[in-house]
file coords.txt (compact mmCIF, C-alpha atoms)
# COMPACT_ATOMS: atom_id res chain seq x y z
CA MET A 1 0.31 18.45 -18.68
CA ILE A 2 -2.53 18.42 -21.22
CA LEU A 3 -2.44 16.14 -24.25
CA PHE A 4 -4.54 17.70 -27.02
CA VAL A 5 -5.37 15.21 -29.80
CA ASP A 6 -6.91 16.84 -32.86
CA ASP A 7 -6.16 16.63 -36.58
CA GLU A 8 -7.25 20.20 -37.34
CA GLU A 9 -4.57 22.86 -37.57
CA GLU A 10 -7.14 25.46 -36.52
CA MET A 11 -6.79 24.13 -32.97
CA ASP A 12 -3.56 26.06 -32.53
CA SER A 13 -5.51 29.02 -31.11
CA TYR A 14 -7.00 26.75 -28.44
CA ARG A 15 -3.56 25.39 -27.62
CA MET A 16 -2.20 28.92 -27.29
CA GLY A 17 -5.20 29.93 -25.17
CA LEU A 18 -4.47 27.10 -22.75
CA SER A 19 -0.80 28.10 -22.66
CA LEU A 20 -1.72 31.71 -21.92
CA SER A 21 -3.82 30.37 -19.03
CA GLY A 22 -0.74 28.69 -17.56
CA TYR A 23 -1.12 25.09 -18.77
CA GLU A 24 1.56 23.02 -20.42
CA VAL A 25 -0.04 21.70 -23.62
CA VAL A 26 1.10 19.30 -26.29
CA LEU A 27 -1.02 19.34 -29.47
CA ILE A 28 -0.66 16.22 -31.60
CA THR A 29 -2.48 15.92 -34.92
CA LYS A 30 -1.90 12.23 -35.74
CA LEU A 31 -3.46 9.45 -33.74
CA ASP A 32 -0.49 7.08 -33.93
CA ASP A 33 1.83 9.83 -32.66
CA ALA A 34 -0.63 10.70 -29.90
CA TRP A 35 -0.76 7.09 -28.72
CA LYS A 36 3.06 6.85 -28.65
CA TYR A 37 3.27 10.13 -26.74
CA PHE A 38 0.65 9.00 -24.27
CA ASP A 39 2.48 5.72 -23.74
CA LEU A 40 5.78 7.45 -23.02
CA ASN A 41 4.38 10.26 -20.87
CA ARG A 42 1.39 8.71 -19.12
CA ASP A 43 2.66 9.74 -15.65
CA ARG A 44 2.87 13.40 -16.65
CA ILE A 45 -0.46 13.68 -18.46
CA ASN A 46 -3.20 15.16 -16.26
CA LEU A 47 -5.88 15.55 -18.87
CA VAL A 48 -6.62 14.70 -22.51
CA ILE A 49 -8.59 16.85 -24.95
CA LEU A 50 -9.86 14.60 -27.71
CA ASP A 51 -11.49 15.20 -31.10
CA ILE A 52 -13.98 12.66 -32.48
CA SER A 53 -13.60 12.85 -36.28
CA MET A 54 -10.01 12.01 -37.15
CA PRO A 55 -8.21 9.63 -39.49
CA PRO A 56 -7.81 6.34 -37.60
CA GLY A 57 -4.11 5.83 -38.39
CA ASN A 58 -2.50 2.42 -38.06
CA LEU A 59 -3.59 2.14 -34.46
CA LEU A 60 -7.32 1.98 -35.21
CA LYS A 61 -7.37 0.97 -38.87
CA ASP A 62 -9.02 -2.37 -38.03
CA TYR A 63 -11.68 -0.84 -35.76
CA ASP A 64 -15.10 0.41 -36.81
CA THR A 65 -14.44 4.15 -36.77
CA LYS A 66 -17.19 4.91 -39.34
CA ALA A 67 -14.67 6.02 -41.96
CA GLY A 68 -12.86 8.16 -39.38
CA MET A 69 -15.98 10.06 -38.31
CA ARG A 70 -16.04 8.30 -34.89
CA THR A 71 -12.34 7.61 -34.30
CA GLY A 72 -12.30 9.50 -30.99
CA VAL A 73 -14.97 7.22 -29.54
CA VAL A 74 -12.68 4.21 -29.98
CA PHE A 75 -9.57 6.10 -28.84
CA PHE A 76 -11.40 7.20 -25.68
CA ASP A 77 -11.94 3.54 -24.74
CA LYS A 78 -8.27 2.75 -25.34
CA LEU A 79 -7.15 5.62 -23.10
CA ARG A 80 -9.57 4.61 -20.37
CA GLU A 81 -8.39 0.99 -20.56
CA GLN A 82 -4.96 2.29 -19.58
CA ILE A 83 -6.01 4.90 -17.00
CA PRO A 84 -9.68 4.48 -15.99
CA THR A 85 -9.85 7.79 -14.09
CA LEU A 86 -8.02 9.94 -16.67
CA PRO A 87 -9.91 13.25 -17.13
CA ILE A 88 -10.93 13.58 -20.78
CA ILE A 89 -12.64 16.44 -22.60
CA ILE A 90 -14.37 15.41 -25.81
CA PHE A 91 -13.97 18.45 -28.06
CA THR A 92 -15.77 17.99 -31.34
CA ASN A 93 -17.80 19.40 -34.22
CA VAL A 94 -19.99 16.30 -34.24
CA SER A 95 -23.54 17.24 -33.30
CA ASP A 96 -25.03 13.72 -33.34
CA GLU A 97 -26.96 13.26 -30.08
CA ARG A 98 -25.99 9.57 -29.98
CA VAL A 99 -22.34 10.57 -29.64
CA ARG A 100 -23.11 12.98 -26.81
CA ALA A 101 -25.22 10.33 -25.10
CA HIS A 102 -22.37 7.84 -25.40
CA PHE A 103 -20.24 9.99 -23.08
CA SER A 104 -22.98 11.34 -20.81
CA ASN A 105 -22.44 8.85 -17.98
CA GLU A 106 -18.67 8.71 -18.18
CA PRO A 107 -17.00 9.96 -15.00
CA ASN A 108 -14.29 12.66 -15.29
CA CYS A 109 -15.47 13.44 -18.79
CA LEU A 110 -16.87 16.59 -20.38
CA PHE A 111 -18.49 16.71 -23.80
CA MET A 112 -17.93 20.05 -25.51
CA GLN A 113 -18.86 21.21 -28.97
CA LYS A 114 -16.26 23.31 -30.74
CA PRO A 115 -18.71 25.85 -32.17
CA ASP A 116 -19.91 26.58 -28.61
CA GLU A 117 -16.49 27.15 -27.11
CA LEU A 118 -13.76 29.74 -27.34
CA PRO A 119 -10.12 29.29 -26.29
CA SER A 120 -10.90 31.19 -23.08
CA THR A 121 -13.92 29.02 -22.18
CA LEU A 122 -12.03 25.82 -22.97
CA ALA A 123 -9.34 26.94 -20.51
CA GLU A 124 -12.04 27.54 -17.87
CA LYS A 125 -13.55 24.06 -18.39
CA VAL A 126 -10.11 22.46 -18.17
CA GLY A 127 -9.62 24.21 -14.82
CA GLN A 128 -13.02 22.99 -13.59
CA LEU A 129 -12.38 19.37 -14.60
CA LEU A 130 -8.93 19.34 -13.03
CA THR A 131 -10.21 20.66 -9.70
CA THR A 132 -13.16 18.24 -9.37
CA MET B 1 -32.34 -4.63 -54.96
CA ILE B 2 -33.72 -1.09 -55.14
CA VAL B 3 -33.52 1.63 -52.50
CA SER B 4 -37.10 2.79 -52.24
CA ALA B 5 -36.25 6.36 -51.21
CA THR B 6 -34.00 7.04 -54.17
CA ASN B 7 -35.03 4.35 -56.71
CA ARG B 8 -31.35 3.51 -56.96
CA ILE B 9 -30.47 -0.05 -57.93
CA ILE B 10 -27.77 -1.25 -55.57
CA GLY B 11 -27.49 -4.92 -56.54
CA THR B 12 -29.15 -8.27 -57.00
CA VAL B 13 -29.71 -11.16 -54.60
CA GLU B 14 -30.19 -14.83 -55.40
CA ALA B 15 -31.90 -17.17 -52.96
CA GLY B 16 -33.10 -20.74 -52.89
CA TYR B 17 -33.17 -24.07 -51.11
CA LYS B 18 -31.47 -27.35 -51.83
CA LYS B 19 -33.94 -29.77 -53.47
CA GLU B 20 -33.51 -32.40 -50.78
CA TYR B 21 -34.34 -29.88 -48.08
CA ARG B 22 -37.42 -28.32 -49.58
CA LYS B 23 -39.21 -28.87 -52.85
CA TYR B 24 -40.76 -25.47 -53.48
CA ILE B 25 -40.01 -21.83 -52.90
CA TYR B 26 -43.16 -20.08 -51.80
CA GLU B 27 -44.15 -16.56 -52.76
CA ARG B 28 -44.20 -15.72 -49.07
CA ASP B 29 -40.51 -16.68 -48.72
CA VAL B 30 -39.63 -14.35 -51.54
CA GLN B 31 -41.64 -11.53 -49.96
CA ILE B 32 -39.92 -12.00 -46.60
CA LEU B 33 -36.55 -11.94 -48.26
CA LYS B 34 -37.48 -8.85 -50.23
CA TYR B 35 -38.63 -7.01 -47.08
CA LEU B 36 -35.41 -7.98 -45.33
CA VAL B 37 -33.24 -6.75 -48.18
CA ASP B 38 -35.21 -3.50 -48.49
CA TYR B 39 -34.86 -2.93 -44.77
CA ILE B 40 -31.10 -3.47 -44.86
CA ALA B 41 -30.71 -1.26 -47.93
CA GLN B 42 -32.68 1.52 -46.29
CA ALA B 43 -30.65 1.26 -43.09
CA VAL B 44 -27.40 1.43 -45.06
CA GLU B 45 -28.63 4.49 -46.98
CA GLN B 46 -29.69 6.26 -43.78
CA ASP B 47 -26.35 5.54 -42.17
CA LYS B 48 -24.55 6.87 -45.24
CA ALA B 49 -26.73 9.98 -45.30
CA GLY B 50 -25.99 10.64 -41.63
CA LEU B 51 -22.26 10.34 -42.21
CA LEU B 52 -22.53 12.60 -45.25
CA VAL B 53 -24.11 15.32 -43.10
CA ASP B 54 -21.30 14.83 -40.58
CA GLN B 55 -18.64 15.10 -43.30
CA VAL B 56 -20.09 18.26 -44.80
CA THR B 57 -20.76 20.04 -41.52
CA HIS B 58 -17.35 19.00 -40.19
CA GLU B 59 -15.61 20.61 -43.17
CA LEU B 60 -17.67 23.78 -42.81
CA LYS B 61 -17.45 24.15 -39.07
CA SER B 62 -13.66 23.81 -38.97
CA PRO B 63 -12.87 27.23 -40.49
CA ILE B 64 -15.73 28.87 -38.53
CA VAL B 65 -14.37 27.49 -35.27
CA GLY B 66 -10.91 28.58 -36.42
CA ILE B 67 -11.98 32.20 -36.97
CA ARG B 68 -13.69 32.45 -33.58
CA GLY B 69 -10.70 30.83 -31.93
CA HIS B 70 -8.19 33.23 -33.50
CA ALA B 71 -10.31 36.24 -32.51
CA ASP B 72 -10.78 35.08 -28.91
CA LEU B 73 -7.11 34.26 -28.55
CA MET B 74 -6.16 37.78 -29.63
CA ARG B 75 -8.66 39.20 -27.14
CA MET B 76 -7.39 37.12 -24.24
CA GLY B 77 -3.74 37.55 -25.13
CA TRP B 78 -3.85 41.23 -26.11
CA GLY B 79 -0.65 42.88 -24.86
CA ARG B 80 1.00 39.51 -24.31
CA LEU B 81 1.08 38.16 -27.87
CA THR B 82 3.90 39.30 -30.14
CA PRO B 83 3.10 41.36 -33.28
CA GLU B 84 4.26 38.37 -35.36
CA ILE B 85 1.69 36.08 -33.74
CA ILE B 86 -1.06 38.67 -34.15
CA HIS B 87 -0.15 39.14 -37.82
CA ALA B 88 -0.21 35.36 -38.33
CA LYS B 89 -3.61 35.14 -36.65
CA PHE B 90 -5.05 37.80 -38.97
CA GLU B 91 -3.70 35.84 -41.93
CA ASP B 92 -5.31 32.71 -40.49
CA ILE B 93 -8.66 34.49 -40.19
CA LEU B 94 -8.54 35.61 -43.83
CA ALA B 95 -7.50 32.14 -44.99
CA ASP B 96 -10.27 30.49 -42.98
CA CYS B 97 -12.82 32.86 -44.56
CA ASP B 98 -11.64 31.81 -48.02
CA ILE B 99 -11.61 28.12 -47.09
CA MET B 100 -15.18 28.52 -45.86
CA LEU B 101 -16.25 30.01 -49.18
CA HIS B 102 -14.67 27.08 -51.02
CA GLN B 103 -16.39 24.62 -48.69
CA VAL B 104 -19.76 26.27 -49.38
CA GLY B 105 -19.08 25.70 -53.08
CA MET B 106 -18.45 22.01 -52.37
CA LEU B 107 -21.58 21.81 -50.23
CA GLU B 108 -23.69 23.26 -53.03
CA TYR B 109 -22.33 20.61 -55.34
CA ARG B 110 -23.14 17.83 -52.88
CA LEU B 111 -26.65 19.16 -52.53
CA GLY B 112 -27.04 18.94 -56.27
CA ARG B 113 -26.90 22.65 -56.99
CA LYS B 114 -24.60 24.18 -59.54
CA GLY B 115 -23.67 27.03 -57.26
CA GLN B 116 -24.27 30.67 -57.83
CA ALA B 117 -22.60 31.87 -60.98
CA SER B 118 -20.69 35.13 -60.70
CA LYS B 119 -20.60 37.64 -63.47
CA PRO B 120 -17.66 36.84 -65.75
CA THR B 121 -14.91 39.36 -65.16
CA LEU B 122 -11.68 40.33 -66.80
CA THR B 123 -9.12 38.06 -65.18
CA TYR B 124 -5.33 37.98 -65.24
CA VAL B 125 -4.69 34.24 -65.04
CA TYR B 126 -1.42 34.50 -63.18
CA ARG B 127 -2.23 37.31 -60.76
CA ASP B 128 -5.93 36.74 -60.08
CA ILE B 129 -6.04 32.96 -60.14
CA ILE B 130 -2.71 31.49 -59.13
CA ILE B 131 -1.03 34.09 -56.96
CA LYS B 132 -4.29 35.08 -55.25
CA THR B 133 -5.08 31.50 -54.24
CA ILE B 134 -1.54 30.88 -53.03
CA ASN B 135 -1.39 34.07 -50.96
CA GLN B 136 -4.87 33.99 -49.49
CA VAL B 137 -5.36 30.34 -48.74
CA VAL B 138 -2.33 28.22 -49.36
CA ARG B 139 0.39 30.19 -47.53
CA PRO B 140 -1.34 30.09 -44.13
CA VAL B 141 -2.11 26.38 -44.57
CA LEU B 142 1.55 25.71 -45.43
CA ARG B 143 2.69 27.66 -42.37
CA ARG B 144 0.43 25.62 -40.10
CA LYS B 145 1.94 22.45 -41.53
CA GLY B 146 5.51 23.67 -41.11
CA ILE B 147 6.15 23.88 -44.87
CA HIS B 148 8.21 26.82 -46.12
CA PRO B 149 6.37 28.86 -48.81
CA ASN B 150 9.44 28.77 -51.06
CA LYS B 151 8.64 25.07 -51.61
CA ILE B 152 6.12 26.34 -54.16
CA GLU B 153 7.91 27.21 -57.37
CA TYR B 154 5.99 29.14 -59.98
CA ASN B 155 7.12 30.16 -63.35
CA PRO B 156 4.83 32.75 -64.90
CA GLY B 157 6.48 32.59 -68.32
CA ASP B 158 4.69 35.17 -70.36
CA SER B 159 1.43 34.45 -68.53
CA ASN B 160 1.43 37.94 -66.98
CA ARG B 161 -0.18 39.00 -70.22
CA ILE B 162 -2.81 36.26 -70.35
CA ILE B 163 -6.22 37.76 -69.73
CA ILE B 164 -9.52 35.91 -69.97
CA VAL B 165 -13.12 36.71 -69.16
CA VAL B 166 -14.32 34.15 -66.69
CA ASP B 167 -16.35 33.36 -63.55
CA ARG B 168 -13.32 34.02 -61.37
CA PRO B 169 -14.42 32.44 -58.02
CA LYS B 170 -15.07 29.13 -59.77
CA LEU B 171 -11.62 29.12 -61.31
CA ASN B 172 -10.17 29.93 -57.90
CA GLN B 173 -12.07 26.91 -56.56
CA VAL B 174 -10.35 24.65 -59.11
CA VAL B 175 -6.89 25.95 -58.19
CA TYR B 176 -7.71 25.69 -54.49
CA ASN B 177 -8.83 22.06 -54.86
CA LEU B 178 -5.65 21.13 -56.76
CA LEU B 179 -3.30 22.90 -54.35
CA ASN B 180 -5.18 21.57 -51.34
CA ASN B 181 -4.72 18.01 -52.65
CA SER B 182 -1.00 18.60 -53.17
CA ILE B 183 -0.67 19.71 -49.56
CA LYS B 184 -2.96 17.01 -48.11
CA TYR B 185 -1.29 14.19 -49.96
CA ALA B 186 2.29 15.36 -49.55
CA LYS B 187 4.87 13.00 -48.11
CA ASP B 188 5.27 13.08 -44.35
CA ASP B 189 8.41 15.17 -44.05
CA PRO B 190 7.67 18.90 -44.72
CA LYS B 191 11.19 19.20 -46.16
CA ASP B 192 10.19 16.82 -48.98
CA PHE B 193 7.27 19.02 -50.05
CA ARG B 194 7.62 20.48 -53.52
CA LEU B 195 5.06 22.02 -55.82
CA ASN B 196 5.69 23.49 -59.23
CA ILE B 197 3.23 25.63 -61.18
CA GLU B 198 3.82 26.66 -64.74
CA VAL B 199 1.64 28.46 -67.25
CA ASP B 200 2.09 27.25 -70.80
CA ASN B 201 0.90 29.62 -73.46
CA SER B 202 2.07 27.61 -76.42
CA GLN B 203 1.12 23.95 -76.07
CA LEU B 204 -2.43 23.84 -77.36
CA LYS B 205 -3.86 26.01 -80.04
CA GLY B 206 -6.88 27.82 -78.69
CA SER B 207 -6.04 27.03 -75.05
CA TYR B 208 -3.82 28.00 -72.16
CA VAL B 209 -2.49 25.21 -69.96
CA ILE B 210 -1.64 25.61 -66.30
CA LYS B 211 0.56 22.73 -65.16
CA PHE B 212 0.59 21.63 -61.54
CA LYS B 213 3.34 19.22 -60.51
CA ASP B 214 3.86 17.86 -57.02
CA TRP B 215 6.09 15.22 -55.49
CA GLY B 216 3.55 13.75 -53.08
CA ILE B 217 2.25 10.20 -52.70
CA GLY B 218 1.01 10.11 -56.30
CA ILE B 219 -1.93 8.38 -57.95
CA GLU B 220 -2.03 4.60 -58.17
CA LYS B 221 -2.11 2.96 -61.60
CA GLY B 222 -5.67 2.15 -62.65
CA TYR B 223 -7.05 5.21 -60.83
CA GLU B 224 -6.16 7.80 -63.50
CA GLU B 225 -9.80 8.41 -64.45
CA LYS B 226 -11.48 7.04 -61.32
CA ILE B 227 -10.09 9.89 -59.20
CA PHE B 228 -12.44 12.23 -61.07
CA GLU B 229 -15.48 10.18 -60.03
CA GLU B 230 -17.46 11.38 -57.03
CA GLY B 231 -16.49 9.76 -53.75
CA VAL B 232 -13.50 7.85 -55.12
CA ARG B 233 -10.22 8.01 -53.20
CA THR B 234 -7.18 5.90 -54.01
CA PRO B 235 -6.22 3.18 -51.49
CA GLU B 236 -3.03 5.13 -50.73
CA ALA B 237 -5.02 8.29 -49.97
CA ILE B 238 -7.41 6.37 -47.73
CA GLY B 239 -4.43 4.82 -45.96
CA MET B 240 -2.97 8.25 -45.21
CA ASP B 241 -3.79 10.09 -42.03
CA VAL B 242 -6.07 12.65 -43.67
CA ASN B 243 -9.82 12.81 -44.01
CA GLY B 244 -11.29 13.49 -47.41
CA SER B 245 -14.60 13.19 -49.17
CA GLY B 246 -13.33 12.40 -52.67
CA ILE B 247 -15.21 15.15 -54.48
CA GLY B 248 -12.58 17.88 -54.92
CA LEU B 249 -11.37 16.65 -58.31
CA THR B 250 -14.91 15.83 -59.45
CA ILE B 251 -15.93 19.43 -58.87
CA ALA B 252 -12.73 20.83 -60.37
CA ARG B 253 -13.12 18.86 -63.62
CA ARG B 254 -16.82 19.70 -63.84
CA ILE B 255 -16.09 23.42 -63.52
CA MET B 256 -13.35 23.27 -66.15
CA ARG B 257 -15.59 21.43 -68.61
CA GLU B 258 -18.40 23.93 -68.03
CA PHE B 259 -15.90 26.60 -69.11
CA GLY B 260 -15.17 24.63 -72.27
CA GLY B 261 -11.79 23.58 -70.92
CA ASP B 262 -10.67 20.46 -69.07
CA LEU B 263 -8.72 19.05 -66.16
CA LYS B 264 -6.42 16.14 -66.95
CA LEU B 265 -4.04 13.91 -65.06
CA ILE B 266 -0.88 13.74 -67.16
CA ASN B 267 1.48 11.81 -64.89
CA ASN B 268 0.81 9.56 -61.89
CA ARG B 269 3.79 10.31 -59.68
CA GLU B 270 7.28 11.81 -59.32
CA PRO B 271 5.84 14.21 -60.23
CA THR B 272 2.07 13.93 -60.10
CA GLU B 273 1.03 16.27 -62.88
CA PHE B 274 -2.35 17.84 -63.56
CA HIS B 275 -3.09 20.09 -66.50
CA MET B 276 -5.76 22.71 -66.22
CA VAL B 277 -6.79 23.57 -69.77
CA LEU B 278 -8.33 27.00 -70.20
CA PRO B 279 -9.99 28.03 -73.43
CA ARG B 280 -8.94 31.36 -74.87
CA LYS B 281 -12.14 33.30 -74.34
CA PRO B 282 -12.66 36.45 -76.35
CA LEU B 283 -12.10 39.60 -74.39
CA ARG B 284 -14.96 41.95 -73.79
CA GLY B 285 -15.28 44.38 -76.64
CA GLU B 286 -13.49 42.11 -79.11

call {"tool": "encode", "arguments": {"input": "coords.txt", "output": "structure tokens"}}
result
Amino acid sequence: MILFVDDEEEMDSYRMGLSLSGYEVVLITKLDDAWKYFDLNRDRINLVILDISMPPGNLLKDYDTKAGMRTGVVFFDKLREQIPTLPIIIFTNVSDERVRAHFSNEPNCLFMQKPDELPSTLAEKVGQLLTT
Amino acid sequence: MIVSATNRIIGTVEAGYKKEYRKYIYERDVQILKYLVDYIAQAVEQDKAGLLVDQVTHELKSPIVGIRGHADLMRMGWGRLTPEIIHAKFEDILADCDIMLHQVGMLEYRLGRKGQASKPTLTYVYRDIIIKTINQVVRPVLRRKGIHPNKIEYNPGDSNRIIIVVDRPKLNQVVYNLLNNSIKYAKDDPKDFRLNIEVDNSQLKGSYVIKFKDWGIGIEKGYEEKIFEEGVRTPEAIGMDVNGSGIGLTIARRIMREFGGDLKLINNREPTEFHMVLPRKPLRGE
């Protein structure tokens, strides 16, 4: 199962694209809900797709998320604390090279920019990450 | 303390030593302190500027990514998607195009430009401003959030007859900003969403008033005027799970005042009520 964490409603096309490609996908738009879902379903989740700029919710309100513009960076660390090998795709509009560099050496992690990807190419990348 | 790049005064700093520790303050100490403060101020400004670019590009890229996504989904699912889904995706594409146009307007404001003025056109307030914005932009956004469109109540009164000559896209921007706020700052349960729009032709001599009432989180006391200042968001809005830049109302009021009208907060909550005051402009040929 794929957990897709993104606060933008426009992501529904990407969710549907993954479903059409045969994946079971759960799209959650609020970080607190995503964390609860992850906690309850951690054994079933094979991969997480994660946005970077999101409201921090209660979960990360005391962290330095740069006014929500870097929330995904902190959430990534929390997920990896729980499951260090969990495949994660960072899927973001953020073009800051420092953010890309932050994830460049992370194993089982792909950094993808939304403007570069279509629902069909996201589905391909998910397949590649799950088979490596 | 002055930011050298913008000449903006951002505060003052006092410094000194206890007499028993050191008798004099030397000019060099003051210089060092000044350099340190300037350096910190510059770093803070650069960080803020970087985040501003992120905020603006994030808002603009979202509908662009949305449009490409909807189109690619229809391509990959052609023959497998139901007509209802395809129809919804076309609606989404049109809504995202309109959202993008509104975001460009906001970007122009943030860059310090007034935005391109359109030629004033004959405008039916109810049909061209309210209904158009609801149908083109708001309905698809409501659908994505699971809110039924009948949660928007609108009472045209005799506004069907109200015609003004105005820069229509700018007025649409004001309505979009107000409706967008109502949706963004609604209470959590979609069933609790309620928005009421009413056009009042009688209240003010020389003006039309469009009243927007919603039953969302409301505006905290003490923020009635501050919400119209650039970058200001109420603590409750910041605490909610939505991103925002705090300029939507600033732009909306500025546009209304340029028209010779106004945008006012009439009631803080239950309902939160804004009045959009439109001057009665003479019709062409009058």

call {"tool": "closest_residue", "arguments": {"input": "coords.txt", "among": "A:Leu59, A:Asp6, A:Met11, A:Leu50", "to": "A:Asp32", "atoms": "all atoms listed in the file"}}
result
A:Leu59

call {"tool": "closest_residue", "arguments": {"input": "coords.txt", "among": "B:Lys211, B:Lys61, B:Lys170, B:His148", "to": "B:Thr121", "atoms": "all atoms listed in the file"}}
result
B:Lys170

call {"tool": "atom_distance", "arguments": {"input": "coords.txt", "atom1": "atom CA of A:Met69", "atom2": "atom CA of B:Pro235"}}
result
17.8 Å

call {"tool": "interface_residues", "arguments": {"input": "coords.txt", "of": "chain A", "to": "chain B", "cutoff": "10 Å", "atoms": "all atoms listed in the file", "output": "PyMOL selection string"}}
result
chain A and resi 7-18+20-21+29-32+53-58+61+66-70+92-96+113-121

call {"tool": "write_last_selection", "arguments": {"input": "coords.txt", "atoms": "C-alpha atoms", "output": "PDB file, in the coordinates of the input"}}
result
ATOM      1  CA  ASP A   7      -6.160  16.630 -36.580  1.00  0.00           C
ATOM      2  CA  GLU A   8      -7.250  20.200 -37.340  1.00  0.00           C
ATOM      3  CA  GLU A   9      -4.570  22.860 -37.570  1.00  0.00           C
ATOM      4  CA  GLU A  10      -7.140  25.460 -36.520  1.00  0.00           C
ATOM      5  CA  MET A  11      -6.790  24.130 -32.970  1.00  0.00           C
ATOM      6  CA  ASP A  12      -3.560  26.060 -32.530  1.00  0.00           C
ATOM      7  CA  SER A  13      -5.510  29.020 -31.110  1.00  0.00           C
ATOM      8  CA  TYR A  14      -7.000  26.750 -28.440  1.00  0.00           C
ATOM      9  CA  ARG A  15      -3.560  25.390 -27.620  1.00  0.00           C
ATOM     10  CA  MET A  16      -2.200  28.920 -27.290  1.00  0.00           C
ATOM     11  CA  GLY A  17      -5.200  29.930 -25.170  1.00  0.00           C
ATOM     12  CA  LEU A  18      -4.470  27.100 -22.750  1.00  0.00           C
ATOM     13  CA  LEU A  20      -1.720  31.710 -21.920  1.00  0.00           C
ATOM     14  CA  SER A  21      -3.820  30.370 -19.030  1.00  0.00           C
ATOM     15  CA  THR A  29      -2.480  15.920 -34.920  1.00  0.00           C
ATOM     16  CA  LYS A  30      -1.900  12.230 -35.740  1.00  0.00           C
ATOM     17  CA  LEU A  31      -3.460   9.450 -33.740  1.00  0.00           C
ATOM     18  CA  ASP A  32      -0.490   7.080 -33.930  1.00  0.00           C
ATOM     19  CA  SER A  53     -13.600  12.850 -36.280  1.00  0.00           C
ATOM     20  CA  MET A  54     -10.010  12.010 -37.150  1.00  0.00           C
ATOM     21  CA  PRO A  55      -8.210   9.630 -39.490  1.00  0.00           C
ATOM     22  CA  PRO A  56      -7.810   6.340 -37.600  1.00  0.00           C
ATOM     23  CA  GLY A  57      -4.110   5.830 -38.390  1.00  0.00           C
ATOM     24  CA  ASN A  58      -2.500   2.420 -38.060  1.00  0.00           C
ATOM     25  CA  LYS A  61      -7.370   0.970 -38.870  1.00  0.00           C
ATOM     26  CA  LYS A  66     -17.190   4.910 -39.340  1.00  0.00           C
ATOM     27  CA  ALA A  67     -14.670   6.020 -41.960  1.00  0.00           C
ATOM     28  CA  GLY A  68     -12.860   8.160 -39.380  1.00  0.00           C
ATOM     29  CA  MET A  69     -15.980  10.060 -38.310  1.00  0.00           C
ATOM     30  CA  ARG A  70     -16.040   8.300 -34.890  1.00  0.00           C
ATOM     31  CA  THR A  92     -15.770  17.990 -31.340  1.00  0.00           C
ATOM     32  CA  ASN A  93     -17.800  19.400 -34.220  1.00  0.00           C
ATOM     33  CA  VAL A  94     -19.990  16.300 -34.240  1.00  0.00           C
ATOM     34  CA  SER A  95     -23.540  17.240 -33.300  1.00  0.00           C
ATOM     35  CA  ASP A  96     -25.030  13.720 -33.340  1.00  0.00           C
ATOM     36  CA  GLN A 113     -18.860  21.210 -28.970  1.00  0.00           C
ATOM     37  CA  LYS A 114     -16.260  23.310 -30.740  1.00  0.00           C
ATOM     38  CA  PRO A 115     -18.710  25.850 -32.170  1.00  0.00           C
ATOM     39  CA  ASP A 116     -19.910  26.580 -28.610  1.00  0.00           C
ATOM     40  CA  GLU A 117     -16.490  27.150 -27.110  1.00  0.00           C
ATOM     41  CA  LEU A 118     -13.760  29.740 -27.340  1.00  0.00           C
ATOM     42  CA  PRO A 119     -10.120  29.290 -26.290  1.00  0.00           C
ATOM     43  CA  SER A 120     -10.900  31.190 -23.080  1.00  0.00           C
ATOM     44  CA  THR A 121     -13.920  29.020 -22.180  1.00  0.00           C
TER      45      THR A 121
END

call {"tool": "closest_residue", "arguments": {"input": "coords.txt", "among": "B:Pro190, B:Glu198, B:Asn268, B:Pro169", "to": "B:Tyr223", "atoms": "all atoms listed in the file"}}
result
B:Asn268

call {"tool": "atom_distance", "arguments": {"input": "coords.txt", "atom1": "atom CA of B:Ile210", "atom2": "atom CA of B:Ile131"}}
result
12.6 Å

call {"tool": "residues_near_point", "arguments": {"input": "coords.txt", "point": "(11.4, 11.3, -56.7)", "cutoff": "8 Å", "atoms": "all atoms listed in the file", "output": "JSON, numbers by chain"}}
result
{"B": [215, 270, 271]}

call {"tool": "residues_near_point", "arguments": {"input": "coords.txt", "point": "(6.5, 20.5, -59.4)", "cutoff": "10 Å", "atoms": "all atoms listed in the file", "output": "PDB file with C-alpha atoms, keeping the file's coordinate frame"}}
result
ATOM      1  CA  LYS B 151       8.640  25.070 -51.610  1.00  0.00           C
ATOM      2  CA  ILE B 152       6.120  26.340 -54.160  1.00  0.00           C
ATOM      3  CA  GLU B 153       7.910  27.210 -57.370  1.00  0.00           C
ATOM      4  CA  TYR B 154       5.990  29.140 -59.980  1.00  0.00           C
ATOM      5  CA  SER B 182      -1.000  18.600 -53.170  1.00  0.00           C
ATOM      6  CA  PHE B 193       7.270  19.020 -50.050  1.00  0.00           C
ATOM      7  CA  ARG B 194       7.620  20.480 -53.520  1.00  0.00           C
ATOM      8  CA  LEU B 195       5.060  22.020 -55.820  1.00  0.00           C
ATOM      9  CA  ASN B 196       5.690  23.490 -59.230  1.00  0.00           C
ATOM     10  CA  ILE B 197       3.230  25.630 -61.180  1.00  0.00           C
ATOM     11  CA  GLU B 198       3.820  26.660 -64.740  1.00  0.00           C
ATOM     12  CA  LYS B 211       0.560  22.730 -65.160  1.00  0.00           C
ATOM     13  CA  PHE B 212       0.590  21.630 -61.540  1.00  0.00           C
ATOM     14  CA  LYS B 213       3.340  19.220 -60.510  1.00  0.00           C
ATOM     15  CA  ASP B 214       3.860  17.860 -57.020  1.00  0.00           C
ATOM     16  CA  TRP B 215       6.090  15.220 -55.490  1.00  0.00           C
ATOM     17  CA  GLY B 216       3.550  13.750 -53.080  1.00  0.00           C
ATOM     18  CA  GLU B 270       7.280  11.810 -59.320  1.00  0.00           C
ATOM     19  CA  PRO B 271       5.840  14.210 -60.230  1.00  0.00           C
ATOM     20  CA  THR B 272       2.070  13.930 -60.100  1.00  0.00           C
ATOM     21  CA  GLU B 273       1.030  16.270 -62.880  1.00  0.00           C
TER      22      GLU B 273
END
